[in-house]
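Source file: query-v5.txt. Holds: compact mmCIF, C-alpha atoms and all ligand atoms.
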```
# COMPACT_ATOMS: atom_id res chain seq x y z
CA MET A 1 -175.43 -154.14 -43.43
CA ARG A 2 -172.37 -155.97 -44.74
CA THR A 3 -172.63 -159.79 -44.80
CA VAL A 4 -169.40 -161.77 -44.83
CA ALA A 5 -168.87 -165.53 -45.15
CA VAL A 6 -165.65 -166.79 -43.56
CA LEU A 7 -164.71 -170.12 -45.10
CA SER A 8 -162.04 -172.70 -45.86
CA LEU A 9 -162.05 -176.29 -46.98
CA LYS A 10 -159.20 -177.16 -44.63
CA GLY A 11 -160.12 -177.58 -40.98
CA GLY A 12 -158.44 -175.83 -38.08
CA VAL A 13 -156.93 -172.94 -40.07
CA GLY A 14 -158.67 -170.32 -37.91
CA LYS A 15 -162.09 -169.52 -39.40
CA THR A 16 -163.77 -169.30 -35.99
CA SER A 17 -160.88 -167.31 -34.53
CA VAL A 18 -161.11 -164.86 -37.45
CA VAL A 19 -164.90 -164.51 -37.05
CA LEU A 20 -164.51 -163.81 -33.33
CA GLY A 21 -161.52 -161.49 -33.84
CA LEU A 22 -163.42 -159.46 -36.44
CA ALA A 23 -166.54 -159.40 -34.23
CA GLY A 24 -164.41 -158.12 -31.34
CA ALA A 25 -162.83 -155.43 -33.54
CA ALA A 26 -166.27 -154.40 -34.83
CA THR A 27 -167.64 -154.16 -31.30
CA ALA A 28 -164.72 -152.01 -30.18
CA GLN A 29 -165.66 -149.63 -33.02
CA GLY A 30 -169.28 -149.46 -31.91
CA LEU A 31 -170.73 -151.67 -34.64
CA ALA A 32 -173.68 -154.00 -34.12
CA THR A 33 -172.57 -157.45 -35.24
CA LEU A 34 -174.40 -160.73 -35.76
CA VAL A 35 -172.45 -164.00 -35.85
CA ILE A 36 -174.28 -166.87 -37.58
CA ASP A 37 -172.72 -170.20 -36.62
CA CYS A 38 -173.15 -172.55 -39.60
CA ASP A 39 -170.79 -175.18 -38.18
CA PRO A 40 -172.17 -178.34 -36.48
CA GLN A 41 -169.14 -178.18 -34.15
CA CYS A 42 -170.74 -175.00 -32.68
CA ASN A 43 -167.38 -173.53 -31.61
CA ALA A 44 -168.40 -169.88 -32.11
CA THR A 45 -171.67 -170.55 -30.28
CA SER A 46 -169.89 -171.94 -27.24
CA ILE A 47 -167.38 -169.10 -27.07
CA LEU A 48 -170.06 -166.44 -27.49
CA ALA A 49 -172.17 -168.34 -24.94
CA ALA A 50 -175.43 -167.89 -26.83
CA GLU A 51 -178.55 -168.14 -24.67
CA LEU A 52 -179.77 -171.74 -24.59
CA GLY A 53 -183.22 -172.89 -25.66
CA GLN A 54 -183.74 -170.56 -28.60
CA PRO A 55 -184.12 -171.75 -32.18
CA THR A 56 -180.78 -172.48 -33.88
CA ILE A 57 -179.60 -171.97 -37.44
CA ALA A 58 -180.76 -175.56 -38.13
CA ASP A 59 -184.32 -174.53 -37.14
CA VAL A 60 -184.04 -171.44 -39.32
CA LEU A 61 -182.92 -173.50 -42.32
CA GLU A 62 -185.55 -176.18 -41.78
CA ARG A 63 -188.54 -173.94 -41.06
CA GLY A 64 -187.66 -170.83 -43.04
CA THR A 65 -190.07 -168.41 -41.35
CA ARG A 66 -189.50 -164.85 -40.20
CA GLY A 67 -190.71 -165.73 -36.72
CA VAL A 68 -188.12 -168.47 -36.28
CA LEU A 69 -185.33 -166.24 -37.63
CA GLU A 70 -186.24 -163.41 -35.24
CA THR A 71 -186.44 -165.66 -32.17
CA ALA A 72 -183.12 -167.30 -33.13
CA LEU A 73 -181.34 -163.94 -32.58
CA SER A 74 -179.63 -164.29 -29.22
CA ARG A 75 -177.62 -161.85 -27.11
CA CYS A 76 -174.07 -163.11 -26.53
CA ALA A 77 -172.37 -163.19 -23.15
CA TRP A 78 -169.48 -160.90 -24.14
CA GLU A 79 -169.64 -157.82 -21.99
CA VAL A 80 -167.97 -155.42 -24.33
CA GLY A 81 -168.85 -152.12 -25.83
CA PRO A 82 -169.56 -149.74 -27.30
CA GLY A 83 -171.00 -152.07 -29.96
CA GLU A 84 -172.76 -155.37 -29.42
CA VAL A 85 -172.63 -158.92 -30.70
CA ASP A 86 -175.63 -161.18 -31.23
CA VAL A 87 -175.48 -164.77 -32.36
CA ILE A 88 -177.62 -167.31 -34.15
CA ALA A 89 -176.49 -170.54 -32.54
CA GLY A 90 -175.05 -173.52 -34.37
CA ASP A 91 -176.54 -176.95 -33.89
CA PRO A 92 -175.07 -180.48 -34.06
CA ARG A 93 -178.05 -181.37 -36.28
CA LEU A 94 -176.46 -179.23 -39.01
CA VAL A 95 -174.53 -182.35 -40.13
CA ASN A 96 -177.80 -183.51 -41.69
CA LEU A 97 -178.06 -180.30 -43.74
CA ASP A 98 -174.62 -180.26 -45.42
CA ALA A 99 -175.50 -182.52 -48.38
CA TRP A 100 -175.33 -180.71 -51.65
CA GLY A 101 -176.21 -181.77 -55.20
CA ARG A 102 -175.19 -179.76 -58.26
CA GLY A 103 -178.29 -178.51 -60.09
CA THR A 104 -180.76 -179.54 -57.39
CA TRP A 105 -179.60 -177.41 -54.47
CA ARG A 106 -181.42 -174.13 -53.68
CA PRO A 107 -180.30 -171.66 -51.00
CA ARG A 108 -182.75 -171.34 -48.10
CA LEU A 109 -181.06 -168.63 -46.02
CA ALA A 110 -180.44 -165.99 -48.72
CA PRO A 111 -184.14 -165.12 -49.17
CA MET A 112 -184.41 -164.54 -45.40
CA MET A 113 -181.55 -162.01 -45.08
CA GLY A 114 -183.87 -159.09 -45.83
CA TRP A 115 -185.69 -159.86 -42.56
CA LEU A 116 -182.58 -158.91 -40.54
CA SER A 117 -182.28 -155.29 -39.47
CA GLY A 118 -180.23 -153.22 -37.06
CA TYR A 119 -176.90 -154.92 -37.79
CA ASP A 120 -173.86 -153.26 -39.40
CA LEU A 121 -172.05 -156.54 -39.92
CA VAL A 122 -173.16 -160.17 -40.24
CA LEU A 123 -170.40 -162.80 -40.05
CA PHE A 124 -170.97 -166.42 -41.04
CA ASP A 125 -168.68 -168.98 -39.41
CA CYS A 126 -168.56 -171.89 -41.86
CA PRO A 127 -167.68 -175.54 -41.25
CA PRO A 128 -164.52 -177.04 -42.80
CA SER A 129 -166.34 -178.23 -45.91
CA LEU A 130 -167.59 -176.76 -49.18
CA GLY A 131 -171.00 -178.44 -48.91
CA ALA A 132 -174.46 -176.97 -48.48
CA LEU A 133 -173.77 -175.11 -45.22
CA THR A 134 -170.87 -173.08 -46.64
CA ARG A 135 -172.89 -172.56 -49.83
CA GLU A 136 -175.83 -171.23 -47.74
CA ALA A 137 -173.45 -168.68 -46.21
CA LEU A 138 -171.98 -167.71 -49.61
CA ALA A 139 -175.40 -167.37 -51.23
CA ALA A 140 -176.49 -165.04 -48.38
CA SER A 141 -173.32 -162.87 -48.30
CA ASP A 142 -171.87 -159.87 -50.14
CA ARG A 143 -168.27 -160.79 -49.30
CA ALA A 144 -166.31 -164.03 -48.95
CA VAL A 145 -163.17 -164.24 -46.85
CA ILE A 146 -161.00 -167.33 -47.20
CA VAL A 147 -158.83 -168.26 -44.25
CA THR A 148 -155.69 -170.29 -44.69
CA SER A 149 -152.58 -171.11 -42.74
CA PRO A 150 -149.19 -171.11 -44.46
CA SER A 151 -149.01 -174.80 -45.39
CA PHE A 152 -149.18 -176.83 -48.59
CA PHE A 153 -152.49 -178.54 -47.77
CA ALA A 154 -154.14 -175.31 -46.60
CA ASN A 155 -153.09 -173.52 -49.81
CA GLN A 156 -154.66 -176.35 -51.83
CA GLY A 157 -157.84 -175.93 -49.78
CA ALA A 158 -157.83 -172.16 -50.40
CA GLN A 159 -157.76 -172.80 -54.15
CA ARG A 160 -160.81 -175.09 -53.91
CA ALA A 161 -162.63 -172.53 -51.74
CA ILE A 162 -162.01 -169.81 -54.35
CA MET A 163 -163.51 -172.07 -57.01
CA THR A 164 -166.61 -172.57 -54.86
CA VAL A 165 -166.99 -168.79 -54.41
CA SER A 166 -166.88 -168.41 -58.21
CA GLU A 167 -169.47 -171.16 -58.64
CA ILE A 168 -171.86 -169.45 -56.24
CA VAL A 169 -171.35 -166.08 -57.97
CA GLU A 170 -172.35 -167.68 -61.26
CA SER A 171 -175.19 -169.84 -60.00
CA HIS A 172 -176.88 -168.06 -57.09
CA ASN A 173 -175.37 -164.75 -55.95
CA ALA A 174 -174.00 -162.26 -58.49
CA ARG A 175 -173.33 -159.62 -55.79
CA LEU A 176 -170.86 -161.87 -53.90
CA ARG A 177 -167.23 -160.72 -54.09
CA LEU A 178 -164.05 -162.29 -52.75
CA ALA A 179 -162.74 -159.81 -50.17
CA GLY A 180 -159.49 -161.75 -50.03
CA ILE A 181 -157.48 -164.43 -48.28
CA ILE A 182 -156.52 -164.07 -44.63
CA VAL A 183 -153.31 -165.92 -43.77
CA ASN A 184 -153.37 -167.03 -40.14
CA ARG A 185 -150.91 -168.57 -37.67
CA VAL A 186 -147.87 -167.08 -39.34
CA ARG A 187 -144.45 -167.44 -37.69
CA SER A 188 -142.29 -164.63 -39.01
CA ASN A 189 -139.09 -166.66 -38.49
CA ALA A 190 -140.29 -169.80 -40.32
CA GLU A 191 -138.88 -170.11 -43.85
CA GLU A 192 -141.64 -172.52 -44.85
CA HIS A 193 -144.27 -169.89 -43.92
CA THR A 194 -142.55 -167.20 -45.99
CA PHE A 195 -142.39 -169.65 -48.91
CA ARG A 196 -146.11 -170.55 -48.66
CA ILE A 197 -147.16 -166.88 -48.48
CA ARG A 198 -145.09 -166.19 -51.62
CA GLU A 199 -146.79 -169.16 -53.27
CA LEU A 200 -150.24 -167.78 -52.40
CA THR A 201 -149.25 -164.33 -53.70
CA ARG A 202 -147.98 -165.84 -56.97
CA ASP A 203 -151.13 -167.96 -57.45
CA HIS A 204 -153.78 -165.37 -56.51
CA GLY A 205 -152.11 -161.95 -56.87
CA ARG A 206 -150.85 -159.57 -54.20
CA ALA A 207 -154.20 -157.76 -53.93
CA GLN A 208 -155.98 -160.93 -52.81
CA ILE A 209 -153.72 -161.57 -49.80
CA LEU A 210 -155.10 -159.34 -47.07
CA GLN A 211 -152.59 -157.51 -44.93
CA PRO A 212 -151.47 -157.89 -42.26
CA VAL A 213 -151.19 -161.66 -41.95
CA ILE A 214 -152.21 -162.87 -38.48
CA PRO A 215 -149.30 -163.98 -36.35
CA GLU A 216 -149.35 -167.19 -34.33
CA ARG A 217 -150.06 -166.04 -30.76
CA ILE A 218 -151.16 -167.95 -27.69
CA ALA A 219 -153.61 -165.12 -26.86
CA LEU A 220 -156.14 -166.54 -29.32
CA GLN A 221 -156.23 -169.81 -27.42
CA GLN A 222 -156.42 -167.95 -24.09
CA ALA A 223 -159.33 -165.84 -25.39
CA GLU A 224 -161.09 -169.02 -26.48
CA SER A 225 -160.71 -170.70 -23.08
CA THR A 226 -161.90 -167.63 -21.16
CA GLY A 227 -164.75 -166.87 -23.60
CA GLN A 228 -163.58 -163.26 -23.98
CA PRO A 229 -162.80 -161.24 -27.10
CA VAL A 230 -159.05 -161.26 -27.62
CA HIS A 231 -158.73 -157.46 -27.63
CA THR A 232 -159.81 -157.35 -23.95
CA LEU A 233 -156.99 -159.60 -22.68
CA GLY A 234 -154.42 -156.84 -22.36
CA THR A 235 -151.25 -158.88 -23.01
CA GLN A 236 -148.72 -158.06 -25.73
CA SER A 237 -149.69 -161.27 -27.51
CA ALA A 238 -153.35 -160.18 -27.46
CA ARG A 239 -152.46 -156.68 -28.70
CA ASP A 240 -150.56 -158.20 -31.65
CA VAL A 241 -153.56 -160.17 -32.92
CA ALA A 242 -156.14 -157.52 -31.97
CA SER A 243 -154.31 -154.90 -34.05
CA ALA A 244 -154.28 -157.32 -37.02
CA PHE A 245 -158.07 -157.80 -36.75
CA ARG A 246 -158.57 -154.03 -36.41
CA ALA A 247 -156.63 -153.48 -39.65
CA LEU A 248 -158.41 -156.33 -41.47
CA LEU A 249 -161.97 -155.27 -40.55
CA PRO A 250 -162.33 -152.37 -43.03
CA GLN A 251 -160.85 -154.50 -45.82
CA VAL A 252 -163.36 -157.27 -45.14
CA MET A 253 -166.24 -154.76 -45.00
CA ALA A 254 -165.13 -152.69 -48.04
N1 LIG B 301 -153.13 -167.03 -34.89
C1 LIG B 301 -153.25 -168.05 -34.03
N2 LIG B 301 -152.31 -168.26 -33.09
C2 LIG B 301 -152.41 -169.30 -32.23
N3 LIG B 301 -153.43 -170.16 -32.21
C3 LIG B 301 -154.41 -170.00 -33.12
C4 LIG B 301 -154.38 -168.95 -34.07
N4 LIG B 301 -155.48 -169.04 -34.83
C5 LIG B 301 -156.18 -170.09 -34.38
N5 LIG B 301 -155.53 -170.67 -33.36
C6 LIG B 301 -155.97 -171.86 -32.61
O1 LIG B 301 -156.08 -172.94 -33.51
C7 LIG B 301 -157.22 -173.74 -33.18
C8 LIG B 301 -158.11 -173.83 -34.41
O2 LIG B 301 -158.63 -172.53 -34.67
P1 LIG B 301 -160.15 -172.33 -35.11
O3 LIG B 301 -161.05 -173.18 -34.30
O4 LIG B 301 -160.37 -170.88 -35.18
O5 LIG B 301 -160.05 -172.94 -36.59
P2 LIG B 301 -161.26 -173.30 -37.56
O6 LIG B 301 -160.77 -173.10 -38.95
O7 LIG B 301 -162.46 -172.56 -37.15
O8 LIG B 301 -161.45 -174.85 -37.24
P3 LIG B 301 -162.64 -175.77 -37.82
O9 LIG B 301 -162.27 -176.05 -39.24
O10 LIG B 301 -162.58 -176.99 -36.96
O11 LIG B 301 -163.91 -174.99 -37.69
C9 LIG B 301 -157.91 -173.08 -32.01
O12 LIG B 301 -157.54 -173.72 -30.83
C10 LIG B 301 -157.36 -171.66 -32.04
O13 LIG B 301 -157.26 -171.06 -30.77
MG MG B 302 -164.39 -173.26 -36.74
```
In structure tokens, what does this structure look like?
Amino acid sequence: MRTVAVLSLKGGVGKTSVVLGLAGAATAQGLATLVIDCDPQCNATSILAAELGQPTIADVLERGTRGVLETALSRCAWEVGPGEVDVIAGDPRLVNLDAWGRGTWRPRLAPMMGWLSGYDLVLFDCPPSLGALTREALAASDRAVIVTSPSFFANQGAQRAIMTVSEIVESHNARLRLAGIIVNRVRSNAEEHTFRIRELTRDHGRAQILQPVIPERIALQQAESTGQPVHTLGTQSARDVASAFRALLPQVMA
């Protein structure tokens, strides 16, 4: 089982879209995937249409028992195969659990990961913050994937996210490794985007910038509004992003 935290400090860069795109690619390859929605906005939960009424990730964090974790595992509404996607739902109450204090904070989720079985891939969708919720995901993961868009502010946020990954490696999770940075919403004809990708490459090294970058395509917004994995949409725009996720999946899981 490979566990991957998808994070960024900057909001709206595409963390949830990357989690769902990778989950879709994994399903198409026959993998069993679990998405854990650590964001109080609950965007991944709503798109995956988790069953209502089950314990959420907030319950799991608060109560910390095997029974709650196992009943929080919910089938998602995506009708795709040959693999399958389950979800642990997000919860608006998560806002109360994002406070973090250096030296006093202890991960609650990491000790519970051994209770999960039957999944090839676990993806954490993180909120746009580097507080306790993102740190829970990092402490429980083997890989961290940073998502950015090609802009000045997003690149600054990526730098801060990398520092947080290093902190967690040192303090709580020595097996965590940065799988790399996914650059999303790239317009191939925008000079500013080319410049920002060069800047990222210069600052972090070519090996850290996962290839391919994800192009800006309306299909991701269409997939979101229809609640379907993007690879099932069948348009050229959908094929462009789906092939990027297919190529990124083994790099994220390596
Ligand atoms: N490559 C893309 N092309 C076009 N639209 C995109 C792309 N990636 C993401 N979007 C759109 O941008 C919006 C923000 O994406 P998303 O919700 O995935 O970002 P996020 O980082 O998870 O946001 P938050 O920080 O609020 O959790 C969504 O409406 C999504 O459909
Ligand atoms: Mg999101």
Measure the distance from CA of Ile181 (chain A) to CA of Ala58 (chain A) in Å and round it to one decimal.
27.7 Å
Taking all atoms listed in the file into account, produce a table as a Markdown table in which each residue of chain A with an atom at most 8 Å from an atom of ligand LIG 301 (chain B) appears once, together with its shortest atom pair and the distance in Å to one decimal, ordered by chain and rising number.
```
| residue | atom | partner | partner_atom | distance |
| --- | --- | --- | --- | --- |
| A:Leu7 | CA | B:LIG301 | O6 | 7.9 |
| A:Ser8 | CA | B:LIG301 | O6 | 7.0 |
| A:Leu9 | CA | B:LIG301 | O9 | 7.7 |
| A:Lys10 | CA | B:LIG301 | O9 | 6.3 |
| A:Gly11 | CA | B:LIG301 | O9 | 3.2 |
| A:Gly12 | CA | B:LIG301 | O8 | 3.3 |
| A:Val13 | CA | B:LIG301 | O6 | 4.0 |
| A:Gly14 | CA | B:LIG301 | O5 | 3.2 |
| A:Lys15 | CA | B:LIG301 | O7 | 3.8 |
| A:Thr16 | CA | B:LIG301 | O7 | 3.7 |
| A:Ser17 | CA | B:LIG301 | O4 | 3.7 |
| A:Val18 | CA | B:LIG301 | O4 | 6.5 |
| A:Asp39 | CA | B:LIG301 | O11 | 6.9 |
| A:Gln41 | CA | B:LIG301 | O11 | 7.1 |
| A:Asn43 | CA | B:LIG301 | O3 | 6.9 |
| A:Asp125 | CA | B:LIG301 | O7 | 7.5 |
| A:Cys126 | CA | B:LIG301 | O11 | 7.0 |
| A:Pro127 | CA | B:LIG301 | O11 | 5.2 |
| A:Pro128 | CA | B:LIG301 | O9 | 4.3 |
| A:Val147 | CA | B:LIG301 | O6 | 7.4 |
| A:Asn184 | CA | B:LIG301 | N1 | 5.3 |
| A:Arg185 | CA | B:LIG301 | N1 | 3.9 |
| A:Val186 | CA | B:LIG301 | N1 | 6.9 |
| A:Ile214 | CA | B:LIG301 | N1 | 5.6 |
| A:Pro215 | CA | B:LIG301 | N1 | 5.1 |
| A:Glu216 | CA | B:LIG301 | N2 | 3.4 |
| A:Arg217 | CA | B:LIG301 | N2 | 3.9 |
| A:Ile218 | CA | B:LIG301 | C2 | 4.9 |
| A:Ala219 | CA | B:LIG301 | C2 | 6.9 |
| A:Leu220 | CA | B:LIG301 | O13 | 4.9 |
| A:Gln221 | CA | B:LIG301 | O13 | 3.7 |
| A:Gln222 | CA | B:LIG301 | O13 | 7.4 |
| A:Ala223 | CA | B:LIG301 | O13 | 7.8 |
| A:Glu224 | CA | B:LIG301 | O13 | 6.1 |
| A:Val241 | CA | B:LIG301 | N1 | 7.2 |
```
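CA of Asn96 (chain A) lies 29.5 Å from CA of Met1 (chain A).
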Compile the contact shell of Ala140 (chain A) as a ChimeraX atom specification: residues with an atom at most 9 Å away, counting all atoms listed in the file, same-chain residues fewer than 5 positions apart removed.
/A:3-5,107-113,135,173,176
Print the selection's residues with C-alpha atoms to a file, as a compact mmCIF listing (two decimals), in the coordinates of the input.
```txt
# COMPACT_ATOMS: atom_id res chain seq x y z
CA THR A 3 -172.63 -159.79 -44.80
CA VAL A 4 -169.40 -161.77 -44.83
CA ALA A 5 -168.87 -165.53 -45.15
CA PRO A 107 -180.30 -171.66 -51.00
CA ARG A 108 -182.75 -171.34 -48.10
CA LEU A 109 -181.06 -168.63 -46.02
CA ALA A 110 -180.44 -165.99 -48.72
CA PRO A 111 -184.14 -165.12 -49.17
CA MET A 112 -184.41 -164.54 -45.40
CA MET A 113 -181.55 -162.01 -45.08
CA ARG A 135 -172.89 -172.56 -49.83
CA ASN A 173 -175.37 -164.75 -55.95
CA LEU A 176 -170.86 -161.87 -53.90
```
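Coordinates place CA of Gly21 (chain A) at a distance of 25.8 Å from CA of Gly53 (chain A).
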If you count only C-alpha atoms, which residues fall within 9 Å of Arg66 (chain A), apart from same-chain ones fewer than 5 positions away, as a VMD selection string?
chain A and resid 60 71 112 115
Using all atoms of region 249-254 of chain A listed in the file and a margin of 3 Å per side, can you give the axis-aligned box centre and edge lengths in Å to one decimal, as AutoDock Vina command-line options?
```
--center_x -163.5 --center_y -154.8 --center_z -44.3 --size_x 11.4 --size_y 10.9 --size_z 13.5
```
Give me the residues near Leu34 (chain A) as a ChimeraX atom specification, where near means some atom within 8 Å (using only C-alpha atoms) and where sequence neighbours in that chain fewer than 4 positions away do not count.
/A:85-88,119,121-123
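If all atoms listed in the file are the atoms counted, then among A:Ser129, A:Thr201, A:Ser74, A:Ser166 the closest residue to Ala50 (chain A) is A:Ser74.
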Please return, as a ChimeraX atom specification, all polymer residues that have at least one atom within 7 Å of the point (-154.6, -158.0, -46.9); use only C-alpha atoms and the file's own coordinate frame.
/A:180,182,208-212,248
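Here the question is which of A:Thr56, A:Leu116, A:Phe124, A:Gly234 gets nearest to ligand MG 302 (chain B) using only C-alpha atoms and all ligand atoms, and that residue is A:Phe124.
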Show me, as a PyMOL selection string, the residues that have an atom within 10 Å of Ser46 (chain A) when counting all atoms listed in the file, minus same-chain residues fewer than 5 positions from it.
chain A and resi 37+41+51+76-77+89-90+224+227
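Using only C-alpha atoms and all ligand atoms, the nearest neighbour of ligand MG 302 (chain B) within the list A:Pro40, A:Gly24, A:Pro150, A:Gly131 is A:Pro40.
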